[in-house]
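In what follows, a structure is listed as structure tokens, so that the remarks can point back to it.
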Amino acid sequence: MSIRVRFLPDDITVDAQVGEPLLDVAERAGVLIPTGCLMGSCHACTVELENGDVIRACISSVSSGCEEMIINLYSDPTW
């Protein structure tokens, strides 16, 4: 099942499969999400979903239950 993933604030959209790792989707879309530990504990890859949930992109995947997944990218100058 294909889900549309939209990265804000640049409004870049790409289609992805349910269960596909979020970092892979971002890379394919040409979107840079900073990473550190790749285990979710350093919080470098923190992003916010449209509903306000904060997730770690390195340990998250495209979820089912919606037609579009909107991801707000943080801008952290330390990463």
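Ligands are numbered from 1 in the order shown, residues from 1 within each chain, and chains are lettered A, B, ... in the order they appear in the structure tokens.
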Applying 9 Å and only C-alpha atoms, which residues near range 5-12 of chain A remain after dropping the ones on its own chain fewer than 3 positions away? List them as an NGL selection string.
:A and (15-16 or 25-26 or 29-31 or 62 or 67-73)
Hey, can you spit out that residue selection with all heavy atoms as a short mmCIF file (atom, residue, chain, number, x, y, z; two decimals), in the first residue's frame?
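Okay, this is what ended up in again31.cif:
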data_model
loop_
_atom_site.label_atom_id
_atom_site.label_comp_id
_atom_site.auth_asym_id
_atom_site.auth_seq_id
_atom_site.Cartn_x
_atom_site.Cartn_y
_atom_site.Cartn_z
N ASP A 15 6.06 9.26 -2.74
CA ASP A 15 5.26 8.09 -2.39
C ASP A 15 6.15 7.06 -1.72
O ASP A 15 7.31 6.88 -2.09
CB ASP A 15 4.60 7.49 -3.62
CG ASP A 15 3.48 8.37 -4.17
OD1 ASP A 15 2.84 9.07 -3.36
OD2 ASP A 15 3.24 8.35 -5.39
N ALA A 16 5.60 6.38 -0.71
CA ALA A 16 6.35 5.39 0.05
C ALA A 16 5.45 4.21 0.38
O ALA A 16 4.22 4.34 0.35
CB ALA A 16 6.90 6.00 1.32
N VAL A 25 12.99 6.96 3.00
CA VAL A 25 12.03 7.78 2.24
C VAL A 25 12.57 9.20 2.08
O VAL A 25 12.54 9.77 0.99
CB VAL A 25 10.65 7.79 2.94
CG1 VAL A 25 9.70 8.73 2.23
CG2 VAL A 25 10.07 6.39 3.02
N ALA A 26 13.09 9.76 3.17
CA ALA A 26 13.65 11.12 3.12
C ALA A 26 14.82 11.19 2.15
O ALA A 26 14.91 12.13 1.34
CB ALA A 26 14.08 11.55 4.51
N ALA A 29 13.72 11.25 -1.36
CA ALA A 29 13.09 12.52 -1.69
C ALA A 29 14.11 13.67 -1.76
O ALA A 29 13.76 14.78 -2.13
CB ALA A 29 12.01 12.84 -0.67
N GLY A 30 15.35 13.38 -1.37
CA GLY A 30 16.36 14.44 -1.36
C GLY A 30 16.27 15.32 -0.13
O GLY A 30 16.76 16.45 -0.14
N VAL A 31 15.64 14.82 0.93
CA VAL A 31 15.47 15.58 2.17
C VAL A 31 16.50 15.09 3.18
O VAL A 31 16.64 13.90 3.41
CB VAL A 31 14.04 15.37 2.73
CG1 VAL A 31 13.90 16.00 4.09
CG2 VAL A 31 13.01 15.93 1.76
N VAL A 62 7.09 4.39 7.74
CA VAL A 62 5.83 4.91 7.22
C VAL A 62 4.69 4.08 7.79
O VAL A 62 4.72 2.85 7.73
CB VAL A 62 5.83 4.86 5.67
CG1 VAL A 62 4.50 5.30 5.12
CG2 VAL A 62 6.97 5.71 5.12
N GLU A 67 -3.83 8.44 4.16
CA GLU A 67 -3.43 8.56 2.76
C GLU A 67 -2.17 9.39 2.61
O GLU A 67 -1.43 9.25 1.65
CB GLU A 67 -4.55 9.19 1.93
CG GLU A 67 -5.76 8.30 1.79
CD GLU A 67 -6.83 8.94 0.94
OE1 GLU A 67 -6.54 9.90 0.20
OE2 GLU A 67 -7.97 8.45 1.02
N GLU A 68 -1.95 10.28 3.58
CA GLU A 68 -0.79 11.17 3.52
C GLU A 68 -0.18 11.31 4.90
O GLU A 68 -0.88 11.45 5.90
CB GLU A 68 -1.21 12.55 3.00
CG GLU A 68 -0.05 13.50 2.80
CD GLU A 68 -0.48 14.82 2.20
OE1 GLU A 68 -1.44 15.44 2.71
OE2 GLU A 68 0.14 15.23 1.21
N MET A 69 1.13 11.25 4.96
CA MET A 69 1.89 11.43 6.20
C MET A 69 2.66 12.74 6.06
O MET A 69 3.49 12.87 5.17
CB MET A 69 2.84 10.24 6.37
CG MET A 69 3.56 10.18 7.67
SD MET A 69 4.50 8.62 7.74
CE MET A 69 5.17 8.77 9.38
N ILE A 70 2.33 13.71 6.91
CA ILE A 70 2.97 15.02 6.84
C ILE A 70 4.00 15.12 7.96
O ILE A 70 3.68 14.92 9.14
CB ILE A 70 1.94 16.15 6.92
CG1 ILE A 70 0.97 16.03 5.74
CG2 ILE A 70 2.63 17.51 6.95
CD1 ILE A 70 -0.16 17.02 5.75
N ILE A 71 5.24 15.44 7.59
CA ILE A 71 6.36 15.47 8.53
C ILE A 71 6.96 16.87 8.55
O ILE A 71 7.41 17.38 7.52
CB ILE A 71 7.43 14.44 8.13
CG1 ILE A 71 6.81 13.04 8.15
CG2 ILE A 71 8.64 14.53 9.04
CD1 ILE A 71 7.68 11.97 7.58
N ASN A 72 6.96 17.48 9.73
CA ASN A 72 7.58 18.79 9.92
C ASN A 72 9.01 18.56 10.38
O ASN A 72 9.24 17.93 11.41
CB ASN A 72 6.82 19.59 10.97
CG ASN A 72 5.43 19.95 10.50
OD1 ASN A 72 5.28 20.66 9.54
ND2 ASN A 72 4.42 19.41 11.17
N LEU A 73 9.95 19.07 9.63
CA LEU A 73 11.37 18.93 9.97
C LEU A 73 11.80 20.02 10.92
O LEU A 73 11.46 21.19 10.73
CB LEU A 73 12.22 18.97 8.71
CG LEU A 73 11.88 17.93 7.65
CD1 LEU A 73 12.68 18.19 6.39
CD2 LEU A 73 12.14 16.53 8.17
#
Hey, what does DSSP flag as helix (DSSP H, G or I) within chain A? Can you give it to me as a PyMOL selection string?
chain A and resi 22-29+57-59
Which residues, written as a ChimeraX atom specification, have at least one atom at most 8 Å from range 38-46 of chain A, with only C-alpha atoms counted and residues fewer than 4 positions away on the same chain left out?
/A:33-34,54-59,73-74,79
Residues from the last selection, all heavy atoms, saved as a compact mmCIF listing (two decimals), in the first residue's frame:
# COMPACT_ATOMS: atom_id res chain seq x y z
N ILE A 33 17.61 14.58 6.84
CA ILE A 33 17.25 14.51 8.26
C ILE A 33 18.54 14.15 8.99
O ILE A 33 19.09 13.07 8.77
CB ILE A 33 16.16 13.46 8.52
CG1 ILE A 33 14.87 13.82 7.78
CG2 ILE A 33 15.90 13.35 10.04
CD1 ILE A 33 13.75 12.81 7.94
N PRO A 34 19.04 15.04 9.83
CA PRO A 34 20.29 14.76 10.55
C PRO A 34 20.15 13.49 11.40
O PRO A 34 19.07 13.20 11.91
CB PRO A 34 20.48 15.98 11.44
CG PRO A 34 19.62 17.04 10.87
CD PRO A 34 18.49 16.34 10.20
N VAL A 54 5.74 13.68 18.22
CA VAL A 54 7.17 13.84 17.96
C VAL A 54 7.77 12.44 17.89
O VAL A 54 7.58 11.63 18.80
CB VAL A 54 7.85 14.68 19.06
CG1 VAL A 54 9.35 14.75 18.84
CG2 VAL A 54 7.25 16.08 19.09
N ILE A 55 8.49 12.15 16.79
CA ILE A 55 9.08 10.83 16.60
C ILE A 55 10.55 10.97 16.23
O ILE A 55 11.01 12.05 15.87
CB ILE A 55 8.34 10.03 15.51
CG1 ILE A 55 8.43 10.74 14.16
CG2 ILE A 55 6.90 9.77 15.90
CD1 ILE A 55 7.93 9.92 12.99
N ARG A 56 11.28 9.89 16.33
CA ARG A 56 12.66 9.82 15.88
C ARG A 56 12.67 9.14 14.53
O ARG A 56 12.27 7.98 14.39
CB ARG A 56 13.54 9.03 16.85
CG ARG A 56 13.44 9.39 18.30
CD ARG A 56 13.90 10.82 18.60
NE ARG A 56 13.63 11.11 20.00
CZ ARG A 56 12.57 11.79 20.43
NH1 ARG A 56 11.69 12.27 19.59
NH2 ARG A 56 12.39 12.02 21.72
N ALA A 57 13.11 9.83 13.51
CA ALA A 57 13.06 9.30 12.14
C ALA A 57 13.91 8.05 11.97
O ALA A 57 13.58 7.18 11.17
CB ALA A 57 13.49 10.37 11.15
N CYS A 58 14.99 7.93 12.72
CA CYS A 58 15.91 6.80 12.54
C CYS A 58 15.31 5.47 12.98
O CYS A 58 15.78 4.41 12.57
CB CYS A 58 17.23 7.04 13.25
SG CYS A 58 17.15 6.96 15.04
N ILE A 59 14.30 5.51 13.82
CA ILE A 59 13.68 4.26 14.30
C ILE A 59 12.21 4.19 13.93
O ILE A 59 11.47 3.39 14.49
CB ILE A 59 13.86 4.09 15.83
CG1 ILE A 59 13.28 5.28 16.58
CG2 ILE A 59 15.33 3.89 16.18
CD1 ILE A 59 13.21 5.09 18.09
N LEU A 73 9.95 19.07 9.63
CA LEU A 73 11.37 18.93 9.97
C LEU A 73 11.80 20.02 10.92
O LEU A 73 11.46 21.19 10.73
CB LEU A 73 12.22 18.97 8.71
CG LEU A 73 11.88 17.93 7.65
CD1 LEU A 73 12.68 18.19 6.39
CD2 LEU A 73 12.14 16.53 8.17
N TYR A 74 12.50 19.66 11.96
CA TYR A 74 13.08 20.63 12.88
C TYR A 74 14.36 21.17 12.27
O TYR A 74 15.03 20.51 11.51
CB TYR A 74 13.43 19.98 14.20
CG TYR A 74 12.26 19.64 15.08
CD1 TYR A 74 12.08 18.36 15.56
CD2 TYR A 74 11.33 20.63 15.46
CE1 TYR A 74 11.01 18.05 16.38
CE2 TYR A 74 10.28 20.31 16.27
CZ TYR A 74 10.12 19.03 16.73
OH TYR A 74 9.07 18.73 17.54
N TRP A 79 23.18 20.14 14.88
CA TRP A 79 23.38 18.93 14.10
C TRP A 79 23.71 19.35 12.71
O TRP A 79 23.68 19.04 11.75
CB TRP A 79 22.18 18.00 14.15
CG TRP A 79 22.04 17.41 15.49
CD1 TRP A 79 21.18 17.79 16.46
CD2 TRP A 79 22.79 16.32 16.03
NE1 TRP A 79 21.36 17.01 17.57
CE2 TRP A 79 22.32 16.11 17.35
CE3 TRP A 79 23.81 15.52 15.55
CZ2 TRP A 79 22.84 15.14 18.16
CZ3 TRP A 79 24.32 14.55 16.37
CH2 TRP A 79 23.84 14.36 17.66
Considering only C-alpha atoms, state which residue in the set A:Glu48, A:Ile3, A:Asp53, A:Thr35 is at the smallest distance from Gly19 in chain A.
A:Ile3
Go through A:Ser2, A:Cys37, A:Gly52, A:Ser61 and flag the residue nearest Asp24 in chain A, using only C-alpha atoms for the distances.
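Under the stated criterion, the closest residue is A:Ser61.
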Please, what distance in Å, to one decimal, runs between CA of Cys66 in chain A and CA of Leu32 in chain A?
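CA of Leu32 in chain A lies 23.5 Å from CA of Cys66 in chain A.
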Atom-to-atom span, CA of Asn51 in chain A and CA of Arg4 in chain A, Å:
15.7 Å
Which of chain A counts as strand (DSSP E or B) under DSSP, as a PyMOL selection string please?
chain A and resi 2-8+12-17+21+46-49+54-56+61+68-73
